[in-house]
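Participant: Following this message is one structure expressed as structure tokens.
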Amino acid sequence: MSINKKYVMAGVLATALVAPLTDATNSYADDTRTITGRVNFRTGPGKSYSSMGKIEKGKKVTYLGSSGNWIKIKYNSKTGYIYKDYISKATTSTSSSTSTSVRYVKSSDGLNVRKGPSVSYSKITNLPNGTKVTVKSTSNGWSKITSGSITGYVNSSYLTSKKPSTETSSNTSNDKNNQTNETSTTKYISASSGLNVRKGPSTSYSVISTLAKGTKVTVKSTSNGWSKITSGSITGYVNSSYLTSKKPSTTTSSNSSSSSTNSSTSTSNSASKVISYAKKLLGKPYVWGAQGPNGFDCSGFTYYVFKNSAGITLPRTSSAQSKYGKSVSKSNLKAGDLIFFDTVGPNNGAVTHVGLYIGNGQFIHAASGQGKVVINNLNSSYYVKAYVNARRVL
């Protein structure tokens, strides 16, 4: 009998010791999240730990906690770690708005509606400037909205309480395409850095070509700030604000050396303007999926800076931006160049981060690790190892 009591007491003690660990794990049992990009599933919180394999984008995992920049998860009965940029936010996060309200789209490029609250989710549709929407909830810079039969998520910074002017003429109200121009007109490209021609009427469409300043185009139609144009064999869409009825001066010098000097001066001035604008945003918070004006992720920061300071619309992601413009070597970097890094993987050429080189071995970027827009040293050991490539767009 005394032996039985001994084993009974040992069993009770073991249960008491194990129970709190089980409870702690189960407290996250309902916190299911989504993988936002293909990522290594590691045995510990760091790249030095071995990978148990890759988890594909869109897979569901259970959130168990965090350790610095690493998230502890459970996937397929295994427990491990992934880098924090590859998992969706908690679906139970507190919304800043819980009651419905009416808002309007305020974006000349239209506003993408996505399946979830970040740019990693696929696009459902694009709502034109001035579209009326009903906001169901708002959280972390994203709003869940409905518009007709459409339900999805949009960037909250492009919503306004007052209906903006759509600049459409009254005689086109019955046109199913809502076009402001129905007849062909001749225009010229006014953008000093050239103008992207896209497959459709918004920046979400891919670039077909780039037309130089002064290029003559034929405008077929105009709607919601975008014009359908033809130029030679090219047919596509351009931002209407960069078209003019008078051919602009291209200030081309007949002397090649003088032309080269003028080009260098122009690029230098453009870079100074871009960098000055970027520095005004120092300290703005890092917000995953945001592209300004009050918060940014890394590619959202460069996208916002170039669009608002130089009139250049970059692709939205760091990976896509790393293929835009002209390739430059690290030894030939100039202020205003975009520089790219792999801050997550083994640096095998994949790009996960972007910054703006400002000269003297420094760059400005929206850093998730520091939680805001900061200036860092490109020659620090961390960024030397993570550096992938650089592109010149100015």
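Labels for the structure tokens follow display order: chains A, B, ..., residues from 1 in each chain, ligands from 1.
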Identify, on the basis of only C-alpha atoms, every residue whose closest approach to Lys115 (chain A) does not exceed 9 Å; exclude the query and any residue fewer than 3 positions from it along the same chain; express the result as a CSV table (one decimal) with C-alpha atoms, in the first residue's frame.

Facilitator:
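The resulting file, part_6.csv, is shown below:
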```csv
chain,number,residue,atom,x,y,z
A,118,SER,CA,-2.1,43.6,-46.9
A,121,TYR,CA,-3.3,39.3,-50.8
A,122,SER,CA,-4.5,39.0,-54.4
A,123,LYS,CA,-6.5,41.8,-56.0
A,124,ILE,CA,-10.2,41.4,-56.4
A,151,THR,CA,-16.4,42.9,-50.4
A,152,GLY,CA,-12.7,43.2,-49.6
A,153,TYR,CA,-9.9,45.2,-48.0
```

Participant: Identify, on the basis of only C-alpha atoms, every residue whose closest approach to Tyr357 (chain A) does not exceed 6 Å; exclude the query and any residue fewer than 2 positions from it along the same chain; express the result as a PyMOL selection string.

Facilitator: chain A and resi 335-337+359+363

Participant: Considering only C-alpha atoms, state which residue in the set A:His365, A:Lys57, A:Lys89, A:Lys323 is at the smallest distance from Lys279 (chain A).

Facilitator: A:His365

Participant: Find the distance between CA of Asn112 (chain A) and CA of Thr203 (chain A) and write it in Å to one decimal.

Facilitator: 9.6 Å

Participant: Extract, using only C-alpha atoms, all DNA, RNA and protein residues at most 6 Å from Ile339 (chain A), discarding same-chain residues fewer than 4 positions from it, and format them as a list in words.

Facilitator: Val354, Gly355 and Ala390 of chain A

Participant: Just the selected residues (C-alpha atoms), exported as a PDB file, in the first residue's frame, please.

Facilitator:
```
ATOM      1  CA  VAL A 354      14.804  47.807 -50.469  1.00  0.00           C
ATOM      2  CA  GLY A 355      16.339  51.145 -49.486  1.00  0.00           C
ATOM      3  CA  ALA A 390      21.195  48.043 -57.128  1.00  0.00           C
TER       4      ALA A 390
END
```

Participant: Show me, as a PyMOL selection string, the residues that have an atom within 12 Å of Ser50 (chain A) when counting only C-alpha atoms, minus same-chain residues fewer than 5 positions from it.

Facilitator: chain A and resi 40-45+80-82+345-346

Participant: Can you pull out the residues contacting region 292-306 of chain A? Cut-off 6 Å, using only C-alpha atoms, and skip same-chain residues under 4 positions away; I want them as a list in words.

Facilitator: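 Counting only C-alpha atoms, the residues come to Ala278, Lys284, Pro285, Tyr286, Val287, Trp288, Ala310, Ile312, Leu314, Thr317, Ser318, Val354 and Ala366 of chain A.
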
Participant: Residues at most 9 Å from Tyr242 (chain A), counting only C-alpha atoms, excluding those fewer than 3 positions away in the same chain, as number ranges by chain?

Facilitator: A: 188-191, 195, 238-239, 311

Participant: Within region 20-84 of chain A, find each residue whose DSSP state, derived from the backbone, is strand (DSSP E), and express the selection as a ChimeraX atom specification.

Facilitator: /A:32-34,39-42,51-55,60-67,70-75,78-83

Participant: From a backbone DSSP assignment, name each residue in region 252-344 of chain A labelled helix (DSSP H, G or I), as JSON, numbers by chain.

Facilitator: {"A": [256, 257, 258, 259, 260, 261, 262, 263, 264, 265, 266, 267, 268, 269, 270, 271, 272, 273, 274, 275, 276, 277, 278, 279, 298, 299, 300, 301, 302, 303, 304, 305, 306, 307, 308, 309, 310, 318, 319, 320, 321, 330, 331, 332]}

Participant: Taking only C-alpha atoms into account, which of A:Arg392, A:Phe340, A:Lys216, A:Tyr104 comes nearest Leu378 (chain A)?

Facilitator: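 When distances to Leu378 (chain A) are compared using only C-alpha atoms, the smallest one comes from A:Phe340.
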
Participant: Please indicate the distance in Å from CA of Ser192 (chain A) to CA of Ile364 (chain A), rounded to one decimal place.

Facilitator: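 Taking CA of Ser192 (chain A) and CA of Ile364 (chain A), their separation equals 24.2 Å.
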
Participant: Looking at A:Lys273, A:Lys84, A:Lys136, A:Lys228, which one is nearest to Gly65 (chain A), with distances taken over only C-alpha atoms?

Facilitator: A:Lys84

Participant: Fewer than 5 positions away in the same chain doesn't count, so skip those; otherwise give me all residues within 10 Å of Asn76 (chain A), counting only C-alpha atoms, as an NGL selection string.

Facilitator: :A and (60-62)

Participant: Restricting it to all heavy atoms, dump the selection as a CSV table (one decimal), in the first residue's frame.

Facilitator:
```csv
chain,number,residue,atom,x,y,z
A,60,LYS,N,-2.2,27.7,-43.9
A,60,LYS,CA,-2.7,28.1,-42.6
A,60,LYS,C,-1.8,27.5,-41.5
A,60,LYS,O,-1.5,26.3,-41.5
A,60,LYS,CB,-4.2,27.6,-42.3
A,60,LYS,CG,-5.1,28.2,-43.4
A,60,LYS,CD,-5.3,29.7,-43.3
A,60,LYS,CE,-6.3,30.2,-44.3
A,60,LYS,NZ,-6.5,31.6,-44.2
A,61,VAL,N,-1.5,28.3,-40.5
A,61,VAL,CA,-0.6,27.8,-39.4
A,61,VAL,C,-1.2,28.3,-38.1
A,61,VAL,O,-2.0,29.3,-38.1
A,61,VAL,CB,0.8,28.3,-39.5
A,61,VAL,CG1,1.5,27.8,-40.8
A,61,VAL,CG2,0.9,29.8,-39.5
A,62,THR,N,-0.8,27.8,-37.0
A,62,THR,CA,-1.2,28.2,-35.7
A,62,THR,C,-0.1,29.0,-35.0
A,62,THR,O,1.0,28.6,-34.9
A,62,THR,CB,-1.5,27.0,-34.7
A,62,THR,OG1,-2.6,26.3,-35.4
A,62,THR,CG2,-2.0,27.5,-33.4
```
